[in-house]
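Chemist: File name target-v4.txt; file contents compact mmCIF, C-alpha atoms and all ligand atoms; full text below.
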```
# COMPACT_ATOMS: atom_id res chain seq x y z
CA MET A 262 -4.99 17.43 16.98
CA ASN A 263 -5.55 14.58 14.61
CA LYS A 264 -2.47 13.86 12.53
CA ALA A 265 -4.44 11.40 10.38
CA LYS A 266 -6.24 14.39 8.85
CA ARG A 267 -3.07 15.58 7.17
CA LYS A 268 -0.79 14.35 4.44
CA THR A 269 2.78 13.62 5.43
CA ILE A 270 4.97 15.34 2.87
CA ILE A 271 8.69 14.75 2.42
CA ALA A 272 10.20 17.33 0.08
CA GLY A 273 13.76 17.71 -1.08
CA ASN A 274 15.18 21.20 -1.55
CA TRP A 275 18.16 20.75 -3.83
CA LYS A 276 19.25 24.41 -3.62
CA MET A 277 21.90 25.30 -6.25
CA ASN A 278 22.97 21.72 -6.84
CA LYS A 279 22.88 19.36 -9.81
CA THR A 280 22.95 20.00 -13.53
CA PRO A 281 19.99 18.78 -15.61
CA ALA A 282 21.86 15.58 -16.50
CA GLN A 283 22.69 14.99 -12.83
CA ALA A 284 19.09 15.77 -11.87
CA LYS A 285 17.85 13.07 -14.21
CA GLU A 286 20.28 10.62 -12.70
CA LEU A 287 19.37 11.46 -9.11
CA ILE A 288 15.61 11.26 -9.68
CA SER A 289 16.08 7.95 -11.49
CA THR A 290 18.09 6.62 -8.54
CA ILE A 291 15.58 7.84 -5.96
CA ALA A 292 12.47 6.61 -7.80
CA PRO A 293 12.75 2.84 -7.18
CA LEU A 294 13.73 3.48 -3.55
CA VAL A 295 10.58 5.47 -2.75
CA LYS A 296 8.04 3.75 -5.01
CA ASP A 297 6.12 2.21 -2.10
CA ALA A 298 6.03 5.40 -0.04
CA ASP A 299 2.95 6.03 2.03
CA CYS A 300 3.54 9.78 1.98
CA GLU A 301 3.90 12.47 -0.63
CA VAL A 302 7.38 12.76 -2.17
CA ILE A 303 8.52 16.00 -3.78
CA ALA A 304 11.82 17.21 -5.21
CA CYS A 305 12.20 20.99 -5.47
CA VAL A 306 15.00 21.62 -7.92
CA PRO A 307 16.78 24.50 -9.69
CA PHE A 308 14.68 26.07 -12.47
CA ILE A 309 16.97 24.71 -15.16
CA ASP A 310 16.54 21.15 -13.83
CA ILE A 311 12.74 21.09 -13.71
CA THR A 312 12.10 19.62 -17.16
CA ALA A 313 14.82 16.97 -16.85
CA ALA A 314 13.60 16.04 -13.35
CA GLN A 315 10.03 15.80 -14.60
CA GLU A 316 11.04 13.51 -17.43
CA ALA A 317 12.84 11.24 -14.99
CA ALA A 318 9.89 11.36 -12.56
CA GLN A 319 7.28 10.50 -15.15
CA GLY A 320 5.28 7.44 -14.13
CA THR A 321 6.71 7.55 -10.58
CA ASN A 322 5.27 8.92 -7.33
CA ILE A 323 7.81 11.78 -7.22
CA LYS A 324 6.47 15.27 -7.81
CA ILE A 325 8.64 18.12 -8.96
CA GLY A 326 8.72 21.68 -7.71
CA ALA A 327 10.76 24.88 -7.99
CA GLU A 328 12.69 26.77 -5.32
CA ASN A 329 11.34 30.28 -5.83
CA CYS A 330 9.23 32.42 -8.15
CA HIS A 331 8.79 36.13 -8.78
CA TRP A 332 5.63 37.98 -7.72
CA ALA A 333 4.87 39.63 -11.04
CA GLU A 334 3.17 37.80 -13.86
CA SER A 335 5.70 39.10 -16.37
CA GLY A 336 7.74 42.23 -16.98
CA ALA A 337 11.11 43.91 -16.65
CA PHE A 338 12.67 41.69 -13.98
CA THR A 339 15.86 40.45 -15.61
CA GLY A 340 16.87 37.01 -14.46
CA GLU A 341 13.61 36.19 -12.71
CA ILE A 342 11.05 33.44 -13.30
CA SER A 343 7.29 33.92 -12.85
CA ALA A 344 4.83 31.52 -11.26
CA ALA A 345 2.95 31.34 -14.57
CA MET A 346 6.14 30.15 -16.30
CA LEU A 347 6.55 27.41 -13.71
CA ALA A 348 2.94 26.35 -14.08
CA ASP A 349 3.34 26.28 -17.85
CA ILE A 350 6.16 23.74 -17.68
CA GLY A 351 4.12 21.64 -15.28
CA SER A 352 5.88 22.45 -12.02
CA GLU A 353 3.41 21.60 -9.26
CA TYR A 354 5.10 23.09 -6.23
CA VAL A 355 7.25 26.06 -5.34
CA VAL A 356 9.27 26.83 -2.22
CA ILE A 357 8.78 30.43 -1.10
CA GLY A 358 10.52 32.42 1.61
CA HIS A 359 13.43 30.08 2.20
CA SER A 360 15.83 31.61 4.71
CA GLU A 361 18.63 31.62 2.14
CA ARG A 362 16.44 33.87 -0.05
CA ARG A 363 15.77 36.08 2.97
CA GLN A 364 19.45 36.13 4.01
CA TYR A 365 21.21 36.54 0.66
CA PHE A 366 18.64 37.96 -1.74
CA GLY A 367 16.81 40.60 0.25
CA GLU A 368 13.59 38.64 0.64
CA THR A 369 11.24 40.22 3.18
CA ASP A 370 7.98 39.05 4.73
CA GLU A 371 6.21 41.41 2.32
CA THR A 372 7.88 40.03 -0.83
CA VAL A 373 7.27 36.52 0.47
CA ASN A 374 3.58 37.39 0.71
CA MET A 375 3.55 38.76 -2.84
CA ARG A 376 5.25 35.64 -4.17
CA VAL A 377 2.83 33.37 -2.30
CA LYS A 378 -0.14 35.16 -3.85
CA SER A 379 1.31 35.00 -7.36
CA ALA A 380 2.06 31.28 -6.96
CA LEU A 381 -1.49 30.58 -5.81
CA ALA A 382 -2.91 32.63 -8.68
CA ALA A 383 -0.90 30.48 -11.11
CA GLY A 384 -2.28 27.30 -9.54
CA LEU A 385 0.93 26.22 -7.83
CA LYS A 386 1.15 24.62 -4.41
CA VAL A 387 3.37 26.55 -2.06
CA ILE A 388 5.90 25.34 0.50
CA LEU A 389 6.14 28.47 2.65
CA CYS A 390 9.23 28.67 4.85
CA VAL A 391 9.37 30.42 8.20
CA GLY A 392 11.90 30.24 11.01
CA GLU A 393 14.00 32.17 13.46
CA LEU A 394 17.68 33.12 13.51
CA LYS A 395 19.89 31.87 16.33
CA GLU A 396 19.97 35.30 18.03
CA GLN A 397 16.19 35.46 17.91
CA ARG A 398 15.90 32.05 19.59
CA LEU A 399 18.39 33.12 22.25
CA GLN A 400 16.38 36.28 22.79
CA GLY A 401 13.28 34.18 23.40
CA ILE A 402 11.22 35.72 20.60
CA THR A 403 10.78 32.61 18.43
CA PRO A 404 7.02 32.21 19.05
CA GLU A 405 6.14 35.83 18.20
CA LEU A 406 8.55 35.98 15.29
CA VAL A 407 7.39 32.79 13.60
CA ALA A 408 3.73 33.71 14.13
CA LEU A 409 4.36 37.13 12.59
CA GLN A 410 6.23 35.66 9.59
CA THR A 411 3.34 33.24 9.06
CA LYS A 412 0.68 35.94 9.32
CA ILE A 413 2.40 38.38 6.98
CA ALA A 414 3.17 35.65 4.41
CA LEU A 415 -0.49 34.60 4.42
CA GLY A 416 -1.95 38.11 4.15
CA GLY A 417 -4.79 38.00 1.61
CA VAL A 418 -4.62 34.20 1.35
CA THR A 419 -8.13 32.79 1.67
CA GLU A 420 -9.37 29.77 3.56
CA GLN A 421 -9.89 28.04 0.23
CA ASP A 422 -6.32 28.78 -0.85
CA MET A 423 -5.02 27.07 2.27
CA SER A 424 -5.45 23.64 0.68
CA SER A 425 -2.55 24.66 -1.58
CA ILE A 426 -0.28 25.78 1.27
CA ILE A 427 2.29 23.69 3.10
CA ILE A 428 4.28 25.42 5.82
CA ALA A 429 7.88 24.50 6.57
CA TYR A 430 9.28 25.49 9.94
CA GLU A 431 13.00 25.89 9.39
CA PRO A 432 15.05 27.34 12.25
CA VAL A 433 17.82 29.17 10.40
CA TRP A 434 20.47 28.01 12.89
CA ALA A 435 19.68 24.39 11.96
CA ILE A 436 19.94 24.73 8.18
CA GLY A 437 22.99 23.08 6.70
CA THR A 438 24.75 23.24 10.05
CA GLY A 439 24.22 19.69 11.26
CA LEU A 440 22.49 21.25 14.29
CA THR A 441 19.01 19.80 14.23
CA ALA A 442 16.29 21.23 16.44
CA THR A 443 15.31 18.68 19.04
CA ALA A 444 12.06 16.92 18.30
CA GLU A 445 10.57 18.89 21.22
CA GLN A 446 11.73 22.23 19.78
CA ALA A 447 10.36 21.29 16.34
CA GLN A 448 7.05 20.19 17.85
CA GLU A 449 6.75 23.34 19.94
CA VAL A 450 7.12 25.71 16.99
CA CYS A 451 5.05 23.61 14.55
CA LYS A 452 2.27 23.76 17.15
CA ILE A 453 2.66 27.54 17.44
CA ILE A 454 2.25 27.77 13.65
CA ARG A 455 -0.82 25.54 13.77
CA ASP A 456 -2.35 27.68 16.53
CA CYS A 457 -1.66 30.72 14.37
CA LEU A 458 -3.51 29.06 11.45
CA ALA A 459 -6.42 28.27 13.78
CA GLU A 460 -6.55 31.93 14.74
CA LEU A 461 -6.51 33.01 11.08
CA TYR A 462 -8.69 30.35 9.45
CA GLY A 463 -10.30 28.24 12.18
CA GLN A 464 -9.57 24.84 13.63
CA ALA A 465 -10.51 22.75 10.59
CA VAL A 466 -7.99 24.49 8.31
CA ALA A 467 -5.33 24.35 11.04
CA GLU A 468 -5.84 20.61 11.41
CA ALA A 469 -5.78 19.99 7.66
CA THR A 470 -2.58 21.94 6.89
CA THR A 471 0.69 20.06 6.56
CA ILE A 472 3.48 21.62 8.62
CA GLN A 473 6.97 20.35 7.89
CA TYR A 474 10.18 20.66 9.83
CA GLY A 475 13.42 21.49 8.01
CA GLY A 476 16.99 21.96 9.16
CA SER A 477 19.55 19.14 9.09
CA MET A 478 16.83 16.49 8.96
CA ASN A 479 18.48 13.22 8.00
CA ASP A 480 18.06 9.47 7.97
CA ALA A 481 19.09 9.25 11.65
CA ASN A 482 16.79 11.86 13.18
CA ALA A 483 13.77 11.85 10.82
CA GLU A 484 11.75 9.21 12.62
CA GLU A 485 11.86 11.00 15.96
CA LEU A 486 11.02 14.38 14.44
CA LEU A 487 8.20 12.98 12.30
CA GLY A 488 6.82 11.13 15.31
CA LYS A 489 5.76 14.41 16.90
CA PRO A 490 2.06 15.22 16.66
CA ASP A 491 2.42 18.54 14.80
CA VAL A 492 5.39 17.65 12.57
CA ASP A 493 3.81 16.42 9.35
CA GLY A 494 6.80 16.11 7.09
CA GLY A 495 10.22 17.41 6.24
CA LEU A 496 11.93 19.88 3.93
CA ILE A 497 15.29 18.32 3.33
CA GLY A 498 18.38 20.05 1.96
CA GLY A 499 21.69 18.19 2.14
CA ALA A 500 20.24 14.73 2.71
CA SER A 501 17.92 15.08 -0.31
CA LEU A 502 20.97 14.96 -2.59
CA VAL A 503 21.87 11.46 -1.43
CA ALA A 504 19.32 8.97 -2.77
CA GLU A 505 19.63 6.44 0.07
CA LYS A 506 19.39 9.10 2.78
CA PHE A 507 16.39 10.78 1.17
CA ALA A 508 14.71 7.39 0.71
CA ALA A 509 15.27 6.57 4.38
CA ILE A 510 13.56 9.82 5.37
CA VAL A 511 10.66 8.98 3.04
CA ALA A 512 10.48 5.57 4.72
CA ALA A 513 10.31 7.29 8.12
CA GLY A 514 7.52 9.51 6.79
CA SER A 515 5.62 6.46 5.59
CA LYS A 516 5.31 4.92 9.09
P1 LIG B 1 19.41 21.14 5.32
O1 LIG B 1 18.54 22.22 4.55
O2 LIG B 1 18.57 19.89 5.40
O3 LIG B 1 20.64 20.97 4.48
O4 LIG B 1 19.69 21.69 6.68
C1 LIG B 1 17.16 22.35 4.78
C2 LIG B 1 16.60 23.45 3.92
O5 LIG B 1 17.31 24.43 3.69
O6 LIG B 1 15.46 23.36 3.45
```
Could you quickly redo this structure as structure tokens?

Modeler:
Amino acid sequence: MNKAKRKTIIAGNWKMNKTPAQAKELISTIAPLVKDADCEVIACVPFIDITAAQEAAQGTNIKIGAENCHWAESGAFTGEISAAMLADIGSEYVVIGHSERRQYFGETDETVNMRVKSALAAGLKVILCVGELKEQRLQGITPELVALQTKIALGGVTEQDMSSIIIAYEPVWAIGTGLTATAEQAQEVCKIIRDCLAELYGQAVAEATTIQYGGSMNDANAEELLGKPDVDGGLIGGASLVAEKFAAIVAAGSK
């Protein structure tokens, strides 16, 4: 596998944090710290923060994304936001299938697939999250489970579409817990996902797709994780809310 064929992408996932005013402030603080990055830098922020974050990111190398989108183009879905709406305000990226959506909001592999397709149709780039629960890892079913999540999420997604897909491997037991997967565990599952992509789309697509690790990635462990051959970036929760920590991860991704 040739890592040089892929873009390293460091993306923040702010979750339900920061008001628009605070978003502006955080992006403005991060911007000078990451201006020389030799990797892609993204901040995925709450819907309400997107415009403020974009204003603050204008003229910088930080790209802004959303954290979810609905699968329908429009309609009677009170409280939801469509991919077309995100595209219209200039959001470039969207996180889909985050484990918190699966855990707390009834997201299934099937609805993840529908959301992925609607995001692609609207011209958004997708950060697709997959990952196992602690019990599933203990049961030894991580490889099958993650492969199945990946395959179902990508149902109907064409080879051409794959240039707009980033996959984030996020073991659920490592998210927000301070328990990071070891670099070996992260590598092992990122490789399983890449093999799955090779099976679905062929070797060239598998080698060109960025696969991130997420789950308590921070300034102390990023370099080791990102040093692994199949770990091409990070999806960062907690540490993305602290400018210096996020910038240090971006620096690790730039090596
Ligand atoms: P964490 O979150 O870095 O706080 O573990 C990662 C994520 O949920 O994407």

Chemist: Take atom CA of Ala483 of chain A and atom CA of Ala408 of chain A and report the distance between them in Å, one decimal.

Modeler: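 Those two atoms sit 24.3 Å apart.
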
Chemist: For ligand LIG 1 (chain B), collect every residue having any atom at a distance of at most 6 Å from a ligand atom (counting only C-alpha atoms and all ligand atoms); output as a list in words.

Modeler: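 What falls inside 6 Å of ligand LIG 1 (chain B) is Asn274, Ala435, Ile436, Gly437, Gly475, Gly476, Ser477, Met478, Leu496, Ile497, Gly498 and Gly499 of chain A.
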
Chemist: Distance atom CA of Ile510 of chain A-atom CA of Ala459 of chain A, one decimal place?

Modeler: 28.5 Å

Chemist: For the interface of segment 424-467 of chain A with segment 355-377 of chain A (cut-off 10 Å, counting all atoms listed in the file), please tabulate each contacting residue of segment 424-467 of chain A alongside its nearest pair of atoms and their separation in Å to one decimal, rows sorted by chain and increasing number, as JSON lines.

Modeler:
```
{"residue": "A:Ile426", "atom": "CA", "partner": "A:Val377", "partner_atom": "CA", "distance": 8.9}
{"residue": "A:Ile427", "atom": "CA", "partner": "A:Val356", "partner_atom": "CA", "distance": 9.3}
{"residue": "A:Ile428", "atom": "CA", "partner": "A:Val356", "partner_atom": "CA", "distance": 9.6}
{"residue": "A:Ala429", "atom": "CA", "partner": "A:His359", "partner_atom": "CA", "distance": 9.0}
{"residue": "A:Tyr430", "atom": "CA", "partner": "A:His359", "partner_atom": "CA", "distance": 9.9}
{"residue": "A:Glu431", "atom": "CA", "partner": "A:Ser360", "partner_atom": "CA", "distance": 7.9}
{"residue": "A:Pro432", "atom": "CA", "partner": "A:Ser360", "partner_atom": "CA", "distance": 8.7}
{"residue": "A:Val433", "atom": "CA", "partner": "A:Ser360", "partner_atom": "CA", "distance": 6.5}
{"residue": "A:Ile436", "atom": "CA", "partner": "A:Ser360", "partner_atom": "CA", "distance": 8.7}
```

Chemist: Please determine, counting all atoms listed in the file, which residue among A:Lys276, A:Lys285, A:Lys296, A:Arg267 has the shortest atom-to-atom distance to Glu316 of chain A.

Modeler: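 Of all the options, A:Lys285 lies closest to Glu316 of chain A.
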
Chemist: Env of Leu406 of chain A: 12 Å cut, atoms = only C-alpha atoms, seq-sep filter 3 positions within chain, self excluded. Answer as a ChimeraX atom specification.

Modeler: /A:370,391-394,396-398,400-403,409-413,430,432,450,453-454,457

Chemist: Missing atoms in segment 403-427 of chain A need filling: write out N, CA, C and O atoms for it as a JSON list (two decimals), in the frame of the given file.

Modeler:
```json
[["chain", "number", "residue", "atom", "x", "y", "z"],
["A", 403, "THR", "N", 11.17, 33.53, 19.51],
["A", 403, "THR", "CA", 10.78, 32.61, 18.43],
["A", 403, "THR", "C", 9.26, 32.54, 18.22],
["A", 403, "THR", "O", 8.79, 32.66, 17.08],
["A", 404, "PRO", "N", 8.46, 32.36, 19.28],
["A", 404, "PRO", "CA", 7.02, 32.21, 19.05],
["A", 404, "PRO", "C", 6.40, 33.42, 18.34],
["A", 404, "PRO", "O", 5.70, 33.26, 17.34],
["A", 405, "GLU", "N", 6.72, 34.62, 18.82],
["A", 405, "GLU", "CA", 6.14, 35.83, 18.20],
["A", 405, "GLU", "C", 6.63, 35.99, 16.77],
["A", 405, "GLU", "O", 5.89, 36.34, 15.86],
["A", 406, "LEU", "N", 7.94, 35.75, 16.60],
["A", 406, "LEU", "CA", 8.55, 35.98, 15.29],
["A", 406, "LEU", "C", 7.97, 35.05, 14.23],
["A", 406, "LEU", "O", 7.60, 35.48, 13.13],
["A", 407, "VAL", "N", 7.88, 33.77, 14.57],
["A", 407, "VAL", "CA", 7.39, 32.79, 13.60],
["A", 407, "VAL", "C", 5.89, 33.03, 13.32],
["A", 407, "VAL", "O", 5.45, 32.91, 12.17],
["A", 408, "ALA", "N", 5.16, 33.41, 14.34],
["A", 408, "ALA", "CA", 3.73, 33.71, 14.13],
["A", 408, "ALA", "C", 3.58, 34.91, 13.20],
["A", 408, "ALA", "O", 2.75, 34.92, 12.29],
["A", 409, "LEU", "N", 4.43, 35.92, 13.42],
["A", 409, "LEU", "CA", 4.36, 37.13, 12.59],
["A", 409, "LEU", "C", 4.75, 36.82, 11.14],
["A", 409, "LEU", "O", 4.07, 37.26, 10.19],
["A", 410, "GLN", "N", 5.82, 36.05, 10.95],
["A", 410, "GLN", "CA", 6.23, 35.66, 9.59],
["A", 410, "GLN", "C", 5.08, 34.92, 8.90],
["A", 410, "GLN", "O", 4.79, 35.17, 7.72],
["A", 411, "THR", "N", 4.44, 34.04, 9.63],
["A", 411, "THR", "CA", 3.34, 33.24, 9.06],
["A", 411, "THR", "C", 2.18, 34.16, 8.68],
["A", 411, "THR", "O", 1.64, 34.07, 7.57],
["A", 412, "LYS", "N", 1.83, 35.05, 9.59],
["A", 412, "LYS", "CA", 0.68, 35.94, 9.32],
["A", 412, "LYS", "C", 0.94, 36.87, 8.15],
["A", 412, "LYS", "O", 0.07, 37.07, 7.30],
["A", 413, "ILE", "N", 2.12, 37.45, 8.09],
["A", 413, "ILE", "CA", 2.40, 38.38, 6.98],
["A", 413, "ILE", "C", 2.43, 37.61, 5.66],
["A", 413, "ILE", "O", 1.85, 38.04, 4.67],
["A", 414, "ALA", "N", 3.07, 36.44, 5.66],
["A", 414, "ALA", "CA", 3.17, 35.65, 4.41],
["A", 414, "ALA", "C", 1.79, 35.26, 3.90],
["A", 414, "ALA", "O", 1.58, 35.11, 2.70],
["A", 415, "LEU", "N", 0.85, 35.07, 4.82],
["A", 415, "LEU", "CA", -0.49, 34.60, 4.42],
["A", 415, "LEU", "C", -1.50, 35.74, 4.27],
["A", 415, "LEU", "O", -2.69, 35.47, 4.07],
["A", 416, "GLY", "N", -1.04, 36.97, 4.33],
["A", 416, "GLY", "CA", -1.95, 38.11, 4.15],
["A", 416, "GLY", "C", -2.69, 38.00, 2.82],
["A", 416, "GLY", "O", -2.05, 37.83, 1.78],
["A", 417, "GLY", "N", -4.01, 38.06, 2.85],
["A", 417, "GLY", "CA", -4.79, 38.00, 1.61],
["A", 417, "GLY", "C", -4.99, 36.58, 1.08],
["A", 417, "GLY", "O", -5.64, 36.39, 0.05],
["A", 418, "VAL", "N", -4.43, 35.60, 1.76],
["A", 418, "VAL", "CA", -4.62, 34.20, 1.35],
["A", 418, "VAL", "C", -5.91, 33.70, 1.98],
["A", 418, "VAL", "O", -6.10, 33.82, 3.20],
["A", 419, "THR", "N", -6.81, 33.16, 1.16],
["A", 419, "THR", "CA", -8.13, 32.79, 1.67],
["A", 419, "THR", "C", -8.12, 31.38, 2.27],
["A", 419, "THR", "O", -7.19, 30.61, 2.08],
["A", 420, "GLU", "N", -9.21, 31.09, 2.95],
["A", 420, "GLU", "CA", -9.37, 29.77, 3.56],
["A", 420, "GLU", "C", -9.30, 28.69, 2.48],
["A", 420, "GLU", "O", -8.68, 27.64, 2.66],
["A", 421, "GLN", "N", -9.91, 29.00, 1.34],
["A", 421, "GLN", "CA", -9.89, 28.04, 0.23],
["A", 421, "GLN", "C", -8.47, 27.78, -0.30],
["A", 421, "GLN", "O", -8.10, 26.66, -0.61],
["A", 422, "ASP", "N", -7.70, 28.89, -0.37],
["A", 422, "ASP", "CA", -6.32, 28.78, -0.85],
["A", 422, "ASP", "C", -5.47, 27.88, 0.05],
["A", 422, "ASP", "O", -4.45, 27.35, -0.38],
["A", 423, "MET", "N", -5.88, 27.76, 1.30],
["A", 423, "MET", "CA", -5.02, 27.07, 2.27],
["A", 423, "MET", "C", -4.81, 25.60, 1.93],
["A", 423, "MET", "O", -3.85, 24.99, 2.39],
["A", 424, "SER", "N", -5.68, 25.04, 1.08],
["A", 424, "SER", "CA", -5.45, 23.64, 0.68],
["A", 424, "SER", "C", -4.23, 23.53, -0.25],
["A", 424, "SER", "O", -3.74, 22.44, -0.51],
["A", 425, "SER", "N", -3.74, 24.67, -0.73],
["A", 425, "SER", "CA", -2.55, 24.66, -1.58],
["A", 425, "SER", "C", -1.31, 25.15, -0.83],
["A", 425, "SER", "O", -0.28, 25.47, -1.44],
["A", 426, "ILE", "N", -1.42, 25.27, 0.48],
["A", 426, "ILE", "CA", -0.28, 25.78, 1.27],
["A", 426, "ILE", "C", 0.26, 24.70, 2.21],
["A", 426, "ILE", "O", -0.50, 24.07, 2.95],
["A", 427, "ILE", "N", 1.57, 24.52, 2.15],
["A", 427, "ILE", "CA", 2.29, 23.69, 3.10],
["A", 427, "ILE", "C", 3.21, 24.67, 3.82],
["A", 427, "ILE", "O", 3.78, 25.55, 3.18]]
```
